[in-house]
Number of protein chains: 4
Amino acid sequence: MTKRKLRIGLIGSGFMGRTHAFGYATASRVFDLPFQLELTCLADISDETAAKAAEALGFARSTSNWRALVNDPDIDVVNITAPNAFHKEMALAAIAAGKHVYCEKPLAPLAADAREMADAAEAKGVKTQVGFNYLCNPMLALARDMIVAGELGEIRGYRGLHAEDYMADAMSPFTFRLDPAGGGALADIGSHALATAEFLMGPAAGAITQVMGDCVTVIKTRPDGKGGTREVQVDDIGRALLRFENGATGSVEGNWIATGRTMQHDFEIYGTKGALAFTQQRFNELHFFSTTDARGRKGFRRIEAGPEHAPYGLFCVAPGHQLGFNDLKAIEVARYLEALAGHQPEPFNFRAGLRIQTLVETIHASSRAAAWRDV
Amino acid sequence: MTKRKLRIGLIGSGFMGRTHAFGYATASRVFDLPFQLELTCLADISDETAAKAAEALGFARSTSNWRALVNDPDIDVVNITAPNAFHKEMALAAIAAGKHVYCEKPLAPLAADAREMADAAEAKGVKTQVGFNYLCNPMLALARDMIVAGELGEIRGYRGLHAEDYMADAMSPFTFRLDPAGGGALADIGSHALATAEFLMGPAAGAITQVMGDCVTVIKTRPDGKGGTREVQVDDIGRALLRFENGATGSVEGNWIATGRTMQHDFEIYGTKGALAFTQQRFNELHFFSTTDARGRKGFRRIEAGPEHAPYGLFCVAPGHQLGFNDLKAIEVARYLEALAGHQPEPFNFRAGLRIQTLVETIHASSRAAAWRDV
Amino acid sequence: MTKRKLRIGLIGSGFMGRTHAFGYATASRVFDLPFQLELTCLADISDETAAKAAEALGFARSTSNWRALVNDPDIDVVNITAPNAFHKEMALAAIAAGKHVYCEKPLAPLAADAREMADAAEAKGVKTQVGFNYLCNPMLALARDMIVAGELGEIRGYRGLHAEDYMADAMSPFTFRLDPAGGGALADIGSHALATAEFLMGPAAGAITQVMGDCVTVIKTRPDGKGGTREVQVDDIGRALLRFENGATGSVEGNWIATGRTMQHDFEIYGTKGALAFTQQRFNELHFFSTTDARGRKGFRRIEAGPEHAPYGLFCVAPGHQLGFNDLKAIEVARYLEALAGHQPEPFNFRAGLRIQTLVETIHASSRAAAWRDV
Amino acid sequence: MTKRKLRIGLIGSGFMGRTHAFGYATASRVFDLPFQLELTCLADISDETAAKAAEALGFARSTSNWRALVNDPDIDVVNITAPNAFHKEMALAAIAAGKHVYCEKPLAPLAADAREMADAAEAKGVKTQVGFNYLCNPMLALARDMIVAGELGEIRGYRGLHAEDYMADAMSPFTFRLDPAGGGALADIGSHALATAEFLMGPAAGAITQVMGDCVTVIKTRPDGKGGTREVQVDDIGRALLRFENGATGSVEGNWIATGRTMQHDFEIYGTKGALAFTQQRFNELHFFSTTDARGRKGFRRIEAGPEHAPYGLFCVAPGHQLGFNDLKAIEVARYLEALAGHQPEPFNFRAGLRIQTLVETIHASSRAAAWRDV
Ligand SMILES: NC(=O)C1=CN([C@@H]2O[C@H](COP(=O)(O)OP(=O)(O)OC[C@H]3O[C@@H](n4cnc5c(N)ncnc54)[C@H](O)[C@@H]3O)[C@@H](O)[C@H]2O)C=CC1
Ligand SMILES: NC(=O)C1=CN([C@@H]2O[C@H](COP(=O)(O)OP(=O)(O)OC[C@H]3O[C@@H](n4cnc5c(N)ncnc54)[C@H](O)[C@@H]3O)[C@@H](O)[C@H]2O)C=CC1
Ligand SMILES: NC(=O)C1=CN([C@@H]2O[C@H](COP(=O)(O)OP(=O)(O)OC[C@H]3O[C@@H](n4cnc5c(N)ncnc54)[C@H](O)[C@@H]3O)[C@@H](O)[C@H]2O)C=CC1
Ligand SMILES: NC(=O)C1=CN([C@@H]2O[C@H](COP(=O)(O)OP(=O)(O)OC[C@H]3O[C@@H](n4cnc5c(N)ncnc54)[C@H](O)[C@@H]3O)[C@@H](O)[C@H]2O)C=CC1
């Protein structure tokens with residue numbers, strides 16, 4: 001049985017562009033995908049950059065004109081991994097051209113833009129995805145399944161975190177991540193922590209209903225890359241107190257100046273019958289405490305990812321061998337393709353991306369107002 | 001050379017009363033104390049309880065009348081380990097009788113009471129101490145020394161926590177810890193987290209200047225111990241966003257319904273040059289990241305308590321052997337006695353205890369007002 | 001510039017066959033490989049199995065006749081991932097046909113066979129590789145670099161381990177891993193521990209010169225898969241005491257009945273100036289102790305894999321994101337291709353595979369003789 | 001009810017002498033001891049040393065003549081914490097004088113001496129104890145209880161270790177621990193690992209029946225403390241392969257040149273139904289894997305010491321607060337006193353100490369013979 005072809009266009013070939021390409025390569029071997037993939041075209045800022053990347057990453061063609069790519073009739077899906085400021089324009093163009101769009105997070109610098117994008121996609125009937133790859137970890141699926149199954153009882157408390165240190169050096173230059181519109185630690189990586197919070201808490205505790213934010217700019221100026229300095233307006237640390245629908249409370253932090261931290265995407269969830277603790281630093285493990293364990297035998301249990309935790313088994317038949325970061329992207333790719341094939345709903349579409357953006361902005365607004373805000 | 005005698009009276013022989021007694025026993029062997037100790041009298045609620053405890057804990061006499069104890073001319077120091085509601089009355093009486101007073105935390109249910117106690121002690125010229133024993137850990141002294149020495153650079157961020165689960169079961173009955181005046185998780189154990197925060201941050205980042213609190217009652221009623229139920233008014237979880245004098249920001253949480261946690265008194269401190277991470281769950285370790293380590297060789301370093309970290313060496317000449325919880329109390333005792341002998345200032349006197357109480361109340365007030373409050 | 005084509009044939013599509021295919025897919029995106037790869041043909045035991053696997057894994061053709069594959073003029077490299085008993089026959093045939101051969105470990109059930117294979121390859125001038133993928137971990141390269149650079153001082157002691165539990169259940173049926181010729185835990189996974197030991201110790205402490213083995217069969221019979229039972233002759237646990245050229249000593253264990261362990265491929269190395277500790281359970285970390293750290297600041301340092309640890313940076317530009325097990329195979333693939341292109345010596349060729357086999361057999365012989373044996 | 005007096009004499013006031021004194025002080029508060037203790041006399045090498053120590057440690061009298069102490073009619077129990085070479089002479093004298101004897105490990109440099117001591121004690125009818133304090137950890141009691149209760153199923157494998165680094169520096173001078181008779185890492189600390197091995201394995205797997213030792217002197221000469229050097233004859237690392245009565249196998253290592261290690265007294269035990277892992281570096285935790293946990297939920301569980309693990313609850317009513325090293329000695333003291341009161345058999349008497357000594361010597365003999373030896 002021959003599979004339908006799916007023709008991929010990729011915009012951007014930096015950190016995430018490469019990761020997307022790796023994701024396609026891995027997904028097409030590891031999963032029994034519903035499509036036969038063709039890596040049709042890659043766009044980047046110059047012909048040379050694009051051509052080099054296309055060759056390295058296995059794309060048939062390349063272009064320095066992303067508009068050509070999104071309008072290319074030979075392309076079915078557009079992957080957007082360019083800086084945040086371009087997401088909206090690129091996505092809207094692609095949607096207008098009837099393409100499915102798989103866009104990196106954050107969906108757009110502003111929630112209003114993100115809403116426009118979600119609306120456009122839905123109006124056009126194309127399928128979308130936003131790249132919150134940490135949600136693709138089988139251990140997060142396990143955590144959610146356990147919560148849904150009631151293994152933690154009623155959920156009472158949440159602690160979430162995404163801290164790294166790649167902006168900790170005051171001499172690290174201005175980048176798109178510092179863009180006054182939509183930049184900052186909370187938007188850049190705190191958004192991951194928010195996505196994880198709602199992914200896990202949602203089915204049992206409901207959505208985040210109220211936030212009290214505190215966003216601070218610690219490094220007030222950065223080198224502008226041209227020998228001068230530039231004022232920074234966005235947050236280096238964004239914290240928020242949270243309330244969920246069921247009354248559970250929690251906190252979340254996005255922090256890119258956490259010296260020494262590379263991937264402190266952590267959560268702890270406390271329920272009446274159990275608790276979970278997780279760190280992305282060791283993301284093939286989930287720590288589970290159950291009050292139902294025998295007396296004198298209770299304790300947090302280090303569950304290692306294995307074939308019982310789908311889709312781990314497709315990557316490796318033996319437990320404990322571990323997935324890597326790029327494998328999470330491969331899972332993300334595979335899920336999106338299943339959605340494109342109509343086998344399941346979109347796992348994290350633009351509407352979901354908008355939701356995260358709304359949370360980010362509400363926290364920002366709350367921080368400015370120094371007051372709680374409803375989401 | 002014979003040492004001056006110091007005659008101790010202890011009120012209460014529960015969890016902390018025993019720990020105080022253990023602390024004296026250990027301190028008098030481990031340290032070269034400035035006094036010869038006499039455990040003179042122990043008071044508890046009944047003659048029988050008091051007598052039994054006095055025998056077990058090595059006190060010469062016992063009484064069911066704590067007023068007799070605080071007025072006993074043969075007593076120099078009064079240790080108060082009765083429930084919070086009694087702290088003020090007992091301490092004021094002891095101070096009036098000219099005794100030095102070593103009181104368990106929290107100093108009093110209300111800051112106003114704590115202020116009265118601090119004022120009284122200072123007016124009378126007696127020396128006081130409040131039992132924030134986690135501060136006596138050599139690894140906290142190390143952390144503070146490192147911060148003071150600039151090994152972390154400028155301090156930017158703080159995360160503090162004290163979470164346990166001894167109140168997680170909704171069926172656990174009403175106790176003094178739930179007293180509407182001064183009870184709750186924030187006061188009971190969040191206070192430890194606040195004390196640690198200011199102990200560590202103080203010398204480099206300054207005091208906490210502003211707080212935004214969020215205190216929630218999760219379990220709304222508890223068994224009253226008489227077959228009925230009683231409404232709970234105090235917080236089960238108390239969180240706060242923090243600002244320090246130098247502009248550093250942070251967060252803190254006190255939580256006694258954190259299922260599975262027994263001693264999650266943790267902190268993480270981030271500076272421009274390094275970071276520290278600590279958990280009381282493994283309190284003989286301090287994890288230190290330094291940006292000055294060589295390229296490709298950086299990482300959090302697990303420093304184990306050893307003789308370089310005074311006063312560990314008095315307990316054990318070999319590193320890595322580990323202190324226990326009760327040893328922290330012995331250190332607390334020893335420090336107090338040094339202060340009583342005039343060798344050093346009081347390490348954590350009633351004025352310091354008032355400070356913590358003020359922080360707790362300001363967080364409560366902030367939570368009620370849903371607004372930031374200056375401390 | 002167009003790259004030369006390299007045409008791959010793969011025999012076997014089980015656990016390792018898939019991993020090889022994943023390795024090629026990933027390597028060709030992540031690395032700038034010296035060849036353009038063509039996945040030409042896949043052989044397995046039946047036409048159907050082979051065809052299905054070829055489609056899933058992206059091979060152009062398939063066959064149930066591995067001899068056809070090894071003699072196919074359109075194939076340059078033969079990957080052997082069939083059970084151990086076939087390695088020799090398949091490899092010799094491929095070598096005879098002038099193919100480069102990339103064979104899974106163990107190279108052959110018996111060292112004599114492995115020697116024949118190594119000799120044949122060298123005589124024919126083809127390039128070979130054996131799949132000791134754990135050696136491809138950037139953190140092992142780091143460990144070795146540190147040792148070579150003298151960061152540990154003179155090496156004195158070694159502890160190595162490879163323990164899993166996939167054979168712990170006495171009801172798990174007979175497989176090729178239990179083959180009386182060449183089977184057993186020591187050969188199957190202890191061999192990984194031996195490879196790691198010599199990889200790390202070799203440059204500084206020299207080769208293993210003497211062994212004292214102890215190999216035990218714990219589960220004496222296993223289901224034969226046909227309703228009966230079959231006697232097991234091979235070891236479930238294989239331990240050895242070791243001596244290295246420089247006089248350093250150590251121990252090693254291979255164990256496939258270590259209940260609860262999935263990937264306990266661990267080592268600890270002790271030198272005069274430092275130490276290293278590692279577990280494959282968290283294989284993106286290397287723990288390093290240095291005596292040159294400041295007084296009171298010493299401790300094992302958790303170094304996380306990052307771009308400083310090549311080739312991690314090709315997979316991910318950000319540190320701490322982590323490689324997965326399959327990524328190790330991709331590195332293995334890439335290294336082999338560099339060797340095929342003549343850019344570097346074969347990283348782990350049949351001669352090296354023979355060495356491991358010799359170590360395994362010497363440990364077996366030592367165990368039988370209950371006496372030390374020279375290697 | 002007044003308790004019988006028990007009058008204690010202590011020989012030695014170094015590391016262990018102090019620890020014994022701390023143990024008595026703590027035990028008499030924490031436990032309801034069957035005796036009223038009197039610290040009667042302390043002996044050390046000079047009048048001054050002894051007097052100072054006696055004052056610090058609370059002994060009524062002191063002497064530089066240990067023979068006077070052992071013959072003192074006012075003494076019931078003699079604690080021996082002098083260097084190994086004196087243990088025999090002191091213990092025999094004390095036994096002859098009808099004293100109960102509590103001697104530090106190793107019981108004597110040579111097993112023959114240890115046998116003489118055990119025989120003498122039994123002949124005289126006095127009660128004895130040897131200081132294998134790590135066995136007094138409630139988590140070891142838990143481990144043993146779990147094994148006895150069958151929670152691990154049939155025991156198959158054991159790994160034991162006691163590694164430190166206090167002799168890692170080749171410039172650290174000659175001490176009694178290097179004494180050609182009875183010195184060395186295996187005797188000094190490997191003995192702890194052996195004691196733990198038999199304590200845990202004994203009830204389920206039986207005693208160690210055969211050993212294959214490998215003992216090596218890594219640092220061949222040490223400063224003699226007088227400006228010259230002295231040849232070292234004893235082992236810096238002692239390893240052994242083990243067989244137990246039930247057929248289980250294992251390994252053990254004693255190592256005092258393990259750079260960076262302070263208290264690596266570890267074990268792992270593998271059974272058909274579960275496994276245990278422990279490190280003295282975090283000795284208030286026991287890690288337990290059970291095959292009976294639910295599918296996809298299995299993992300090593302970190303059990304924290306708490307009141308369910310007697311006698312932890314006497315030290316602290318709240319779990320997770322942790323015992324310290326000195327608390328283990330207090331437990332050891334308390335157990336011995338219970339034995340002296342006839343409430344239980346001696347927990348680890350001279351006969352048990354002889355057993356460890358025999359194991360050490362058998363490993364030494366096996367190492368010299370390069371052959372397995374029956375124990
Ligand atoms: N899901 C995740 O965990 C992560 C997501 N991201 C997201 O991915 C996006 C890209 O980030 P990085 O890959 O780190 O940035 P990057 O700077 O490494 O890559 C951006 C790429 O876009 C290209 N580009 C820029 N302008 C373009 C234009 N006008 N037309 C075509 N190409 C253009 C650049 O040349 C470059 O190749 C961002 O939205 C970011 O937030 C980034 C890192 C992690
Ligand atoms: N520093 C720390 O880490 C800890 C501090 N605490 C503090 O110690 C204090 C006592 O707490 P626990 O020992 O846990 O309580 P507990 O209930 O175990 O002990 C209280 C003791 O006070 C006695 N008592 C009550 N009323 C009395 C009266 N009128 N006169 C004489 N004795 C009386 C009780 O009989 C009992 O012996 C509290 O203030 C608590 O906040 C408690 C636990 C840990
Ligand atoms: N490097 C590593 O970490 C690992 C290496 N291995 C090694 O890989 C090899 C294969 O092991 P697994 O993949 O686990 O076994 P497996 O049983 O999963 O796969 C073996 C494959 O070979 C095929 N096969 C068997 N006989 C064949 C024949 N005559 N012609 C063609 N194909 C044939 C089977 O149908 C199957 O597809 C073994 O040598 C093993 O030691 C296995 C696991 C891990
Ligand atoms: N159970 C355990 O974990 C440990 C046990 N030990 C054992 O304790 C014993 C002592 O070791 P440490 O305390 O480390 O040594 P140390 O050198 O610190 O103390 C020895 C003490 O004995 C005294 N002494 C020496 N000769 C004497 C004599 N003739 N008469 C009276 N006193 C004399 C010394 O002056 C010193 O006070 C050894 O047998 C050692 O193996 C030591 C450390 C840990």
# chains A, B, ... in the order shown; residues from 1 in each chain; ligands from 1
>>> residues_near_ligand(ligand="ligand 4", cutoff="6 Å", atoms="only C-alpha atoms and all ligand atoms", output="mmCIF file with all heavy atoms, in the first residue's frame")
data_model
loop_
_atom_site.group_PDB
_atom_site.id
_atom_site.type_symbol
_atom_site.label_atom_id
_atom_site.label_comp_id
_atom_site.auth_asym_id
_atom_site.auth_seq_id
_atom_site.Cartn_x
_atom_site.Cartn_y
_atom_site.Cartn_z
ATOM 1 N N ILE D 11 38.598 3.766 77.453
ATOM 2 C CA ILE D 11 40.026 3.873 77.115
ATOM 3 C C ILE D 11 40.146 4.485 75.722
ATOM 4 O O ILE D 11 39.656 3.918 74.747
ATOM 5 C CB ILE D 11 40.732 2.506 77.117
ATOM 6 C CG1 ILE D 11 40.435 1.756 78.425
ATOM 7 C CG2 ILE D 11 42.226 2.689 76.907
ATOM 8 C CD1 ILE D 11 41.089 0.376 78.494
ATOM 9 N N GLY D 12 40.821 5.620 75.671
ATOM 10 C CA GLY D 12 40.986 6.317 74.393
ATOM 11 C C GLY D 12 39.987 7.445 74.273
ATOM 12 O O GLY D 12 38.815 7.297 74.622
ATOM 13 N N SER D 13 40.443 8.576 73.770
ATOM 14 C CA SER D 13 39.547 9.720 73.615
ATOM 15 C C SER D 13 39.798 10.419 72.283
ATOM 16 O O SER D 13 39.724 11.625 72.167
ATOM 17 C CB SER D 13 39.739 10.697 74.775
ATOM 18 O OG SER D 13 41.067 11.194 74.752
ATOM 19 N N GLY D 14 40.155 9.608 71.294
ATOM 20 C CA GLY D 14 40.340 10.166 69.949
ATOM 21 C C GLY D 14 38.992 10.213 69.241
ATOM 22 O O GLY D 14 37.959 10.439 69.863
ATOM 23 N N PHE D 15 39.037 9.997 67.934
ATOM 24 C CA PHE D 15 37.829 9.997 67.112
ATOM 25 C C PHE D 15 36.751 9.126 67.774
ATOM 26 O O PHE D 15 35.661 9.591 68.118
ATOM 27 C CB PHE D 15 38.207 9.490 65.719
ATOM 28 C CG PHE D 15 37.099 9.374 64.720
ATOM 29 C CD1 PHE D 15 35.811 9.831 64.975
ATOM 30 C CD2 PHE D 15 37.349 8.817 63.471
ATOM 31 C CE1 PHE D 15 34.799 9.721 64.032
ATOM 32 C CE2 PHE D 15 36.341 8.708 62.514
ATOM 33 C CZ PHE D 15 35.058 9.143 62.810
ATOM 34 N N MET D 16 37.064 7.885 67.966
ATOM 35 C CA MET D 16 36.043 6.962 68.468
ATOM 36 C C MET D 16 35.766 7.134 69.958
ATOM 37 O O MET D 16 34.634 6.937 70.405
ATOM 38 C CB MET D 16 36.438 5.509 68.174
ATOM 39 C CG MET D 16 35.980 5.038 66.816
ATOM 40 S SD MET D 16 34.167 5.213 66.543
ATOM 41 C CE MET D 16 34.155 6.425 65.228
ATOM 42 N N GLY D 17 36.779 7.508 70.722
ATOM 43 C CA GLY D 17 36.548 7.729 72.145
ATOM 44 C C GLY D 17 35.482 8.795 72.347
ATOM 45 O O GLY D 17 34.536 8.626 73.142
ATOM 46 N N ALA D 43 40.656 6.702 80.385
ATOM 47 C CA ALA D 43 42.114 6.515 80.310
ATOM 48 C C ALA D 43 42.632 6.931 78.950
ATOM 49 O O ALA D 43 42.005 6.652 77.923
ATOM 50 C CB ALA D 43 42.464 5.045 80.559
ATOM 51 N N ASP D 44 43.755 7.603 78.974
ATOM 52 C CA ASP D 44 44.430 7.889 77.706
ATOM 53 C C ASP D 44 45.936 7.869 77.958
ATOM 54 O O ASP D 44 46.379 7.519 79.058
ATOM 55 C CB ASP D 44 43.927 9.213 77.105
ATOM 56 C CG ASP D 44 44.053 9.205 75.580
ATOM 57 O OD1 ASP D 44 45.165 8.929 75.077
ATOM 58 O OD2 ASP D 44 43.037 9.443 74.900
ATOM 59 N N ILE D 45 46.718 8.226 76.942
ATOM 60 C CA ILE D 45 48.172 7.996 77.060
ATOM 61 C C ILE D 45 48.905 8.862 78.077
ATOM 62 O O ILE D 45 49.985 8.499 78.517
ATOM 63 C CB ILE D 45 48.905 8.165 75.710
ATOM 64 C CG1 ILE D 45 48.269 9.306 74.909
ATOM 65 C CG2 ILE D 45 48.938 6.866 74.924
ATOM 66 C CD1 ILE D 45 49.184 9.857 73.835
ATOM 67 N N TRP D 66 45.754 2.584 81.766
ATOM 68 C CA TRP D 66 44.527 1.860 81.435
ATOM 69 C C TRP D 66 44.359 0.598 82.290
ATOM 70 O O TRP D 66 43.236 0.128 82.515
ATOM 71 C CB TRP D 66 44.449 1.540 79.942
ATOM 72 C CG TRP D 66 45.515 0.607 79.400
ATOM 73 C CD1 TRP D 66 46.653 0.949 78.755
ATOM 74 C CD2 TRP D 66 45.496 -0.827 79.457
ATOM 75 N NE1 TRP D 66 47.365 -0.161 78.401
ATOM 76 C CE2 TRP D 66 46.677 -1.273 78.805
ATOM 77 C CE3 TRP D 66 44.613 -1.774 79.981
ATOM 78 C CZ2 TRP D 66 47.007 -2.629 78.668
ATOM 79 C CZ3 TRP D 66 44.926 -3.131 79.841
ATOM 80 C CH2 TRP D 66 46.113 -3.538 79.185
ATOM 81 N N THR D 81 38.687 2.104 72.867
ATOM 82 C CA THR D 81 38.780 2.851 71.612
ATOM 83 C C THR D 81 40.223 3.257 71.341
ATOM 84 O O THR D 81 40.490 4.224 70.647
ATOM 85 C CB THR D 81 37.876 4.106 71.628
ATOM 86 O OG1 THR D 81 38.455 5.072 72.501
ATOM 87 C CG2 THR D 81 36.456 3.788 72.048
ATOM 88 N N ALA D 82 41.137 2.513 71.894
ATOM 89 C CA ALA D 82 42.560 2.718 71.601
ATOM 90 C C ALA D 82 42.871 2.040 70.265
ATOM 91 O O ALA D 82 42.046 1.287 69.728
ATOM 92 C CB ALA D 82 43.403 2.114 72.720
ATOM 93 N N PRO D 83 44.037 2.299 69.718
ATOM 94 C CA PRO D 83 44.392 1.670 68.439
ATOM 95 C C PRO D 83 44.338 0.147 68.507
ATOM 96 O O PRO D 83 44.484 -0.456 69.572
ATOM 97 C CB PRO D 83 45.819 2.173 68.203
ATOM 98 C CG PRO D 83 45.867 3.507 68.887
ATOM 99 C CD PRO D 83 45.019 3.327 70.125
ATOM 100 N N ASN D 84 44.149 -0.434 67.340
ATOM 101 C CA ASN D 84 43.912 -1.876 67.207
ATOM 102 C C ASN D 84 44.892 -2.743 67.985
ATOM 103 O O ASN D 84 44.501 -3.742 68.596
ATOM 104 C CB ASN D 84 43.995 -2.295 65.737
ATOM 105 C CG ASN D 84 43.113 -1.443 64.847
ATOM 106 O OD1 ASN D 84 42.274 -0.700 65.352
ATOM 107 N ND2 ASN D 84 43.292 -1.541 63.547
ATOM 108 N N GLU D 104 36.142 -1.296 70.101
ATOM 109 C CA GLU D 104 36.026 -0.842 68.714
ATOM 110 C C GLU D 104 36.483 -1.920 67.748
ATOM 111 O O GLU D 104 37.265 -2.796 68.081
ATOM 112 C CB GLU D 104 36.835 0.451 68.491
ATOM 113 C CG GLU D 104 35.996 1.702 68.558
ATOM 114 C CD GLU D 104 34.703 1.589 67.745
ATOM 115 O OE1 GLU D 104 34.762 1.152 66.582
ATOM 116 O OE2 GLU D 104 33.625 1.909 68.284
ATOM 117 N N LYS D 105 35.975 -1.803 66.534
ATOM 118 C CA LYS D 105 36.410 -2.709 65.479
ATOM 119 C C LYS D 105 37.743 -2.222 64.955
ATOM 120 O O LYS D 105 37.983 -1.021 65.057
ATOM 121 C CB LYS D 105 35.382 -2.812 64.368
ATOM 122 C CG LYS D 105 34.785 -1.549 63.778
ATOM 123 C CD LYS D 105 35.541 -0.523 62.988
ATOM 124 C CE LYS D 105 36.668 -0.977 62.106
ATOM 125 N NZ LYS D 105 37.490 0.178 61.647
ATOM 126 N N PRO D 106 38.585 -3.012 64.355
ATOM 127 C CA PRO D 106 38.477 -4.475 64.332
ATOM 128 C C PRO D 106 38.817 -5.024 65.707
ATOM 129 O O PRO D 106 39.625 -4.449 66.420
ATOM 130 C CB PRO D 106 39.531 -4.878 63.308
ATOM 131 C CG PRO D 106 40.555 -3.803 63.370
ATOM 132 C CD PRO D 106 39.826 -2.543 63.713
ATOM 133 N N GLY D 131 32.320 -2.547 67.789
ATOM 134 C CA GLY D 131 31.685 -1.332 67.292
ATOM 135 C C GLY D 131 31.425 -1.244 65.790
ATOM 136 O O GLY D 131 31.961 -0.342 65.139
ATOM 137 N N PHE D 132 30.605 -2.112 65.276
ATOM 138 C CA PHE D 132 30.241 -1.990 63.855
ATOM 139 C C PHE D 132 28.989 -1.125 63.721
ATOM 140 O O PHE D 132 27.896 -1.607 63.440
ATOM 141 C CB PHE D 132 30.067 -3.376 63.237
ATOM 142 C CG PHE D 132 31.388 -4.024 62.926
ATOM 143 C CD1 PHE D 132 31.967 -4.917 63.809
ATOM 144 C CD2 PHE D 132 32.081 -3.691 61.772
ATOM 145 C CE1 PHE D 132 33.212 -5.490 63.534
ATOM 146 C CE2 PHE D 132 33.311 -4.259 61.495
ATOM 147 C CZ PHE D 132 33.889 -5.155 62.374
ATOM 148 N N ASN D 133 29.203 0.149 63.938
ATOM 149 C CA ASN D 133 28.079 1.074 64.119
ATOM 150 C C ASN D 133 27.153 1.197 62.918
ATOM 151 O O ASN D 133 25.975 1.509 63.069
ATOM 152 C CB ASN D 133 28.578 2.461 64.530
ATOM 153 C CG ASN D 133 29.966 2.754 64.066
ATOM 154 O OD1 ASN D 133 30.929 2.734 64.849
ATOM 155 N ND2 ASN D 133 30.114 2.988 62.763
ATOM 156 N N ASP D 188 40.477 -2.291 58.010
ATOM 157 C CA ASP D 188 40.018 -1.062 58.644
ATOM 158 C C ASP D 188 38.579 -0.718 58.256
ATOM 159 O O ASP D 188 37.760 -0.414 59.120
ATOM 160 C CB ASP D 188 40.961 0.086 58.276
ATOM 161 C CG ASP D 188 40.738 1.304 59.164
ATOM 162 O OD1 ASP D 188 40.490 1.118 60.364
ATOM 163 O OD2 ASP D 188 40.819 2.439 58.654
#
>>> interface_residues(of="chain A", to="chain C", cutoff="9 Å", atoms="only C-alpha atoms", output="PyMOL selection string")
chain A and resi 15-16+18-19+21-23+25-26+28-33+56-58+166+261-264+280-284+304+315-327
>>> select_by_dssp(residues="stretch 235-318 of chain D", states="alpha helix (DSSP H)", output="number ranges by chain")
D: 312-315
>>> closest_residue(among="A:Ala187, A:Ala123, A:Val78, A:Cys41", to="ligand 1", atoms="only C-alpha atoms and all ligand atoms")
A:Ala187
>>> atom_distance(atom1="atom CA of D:Thr272", atom2="atom CA of A:Gly274")
27.5 Å
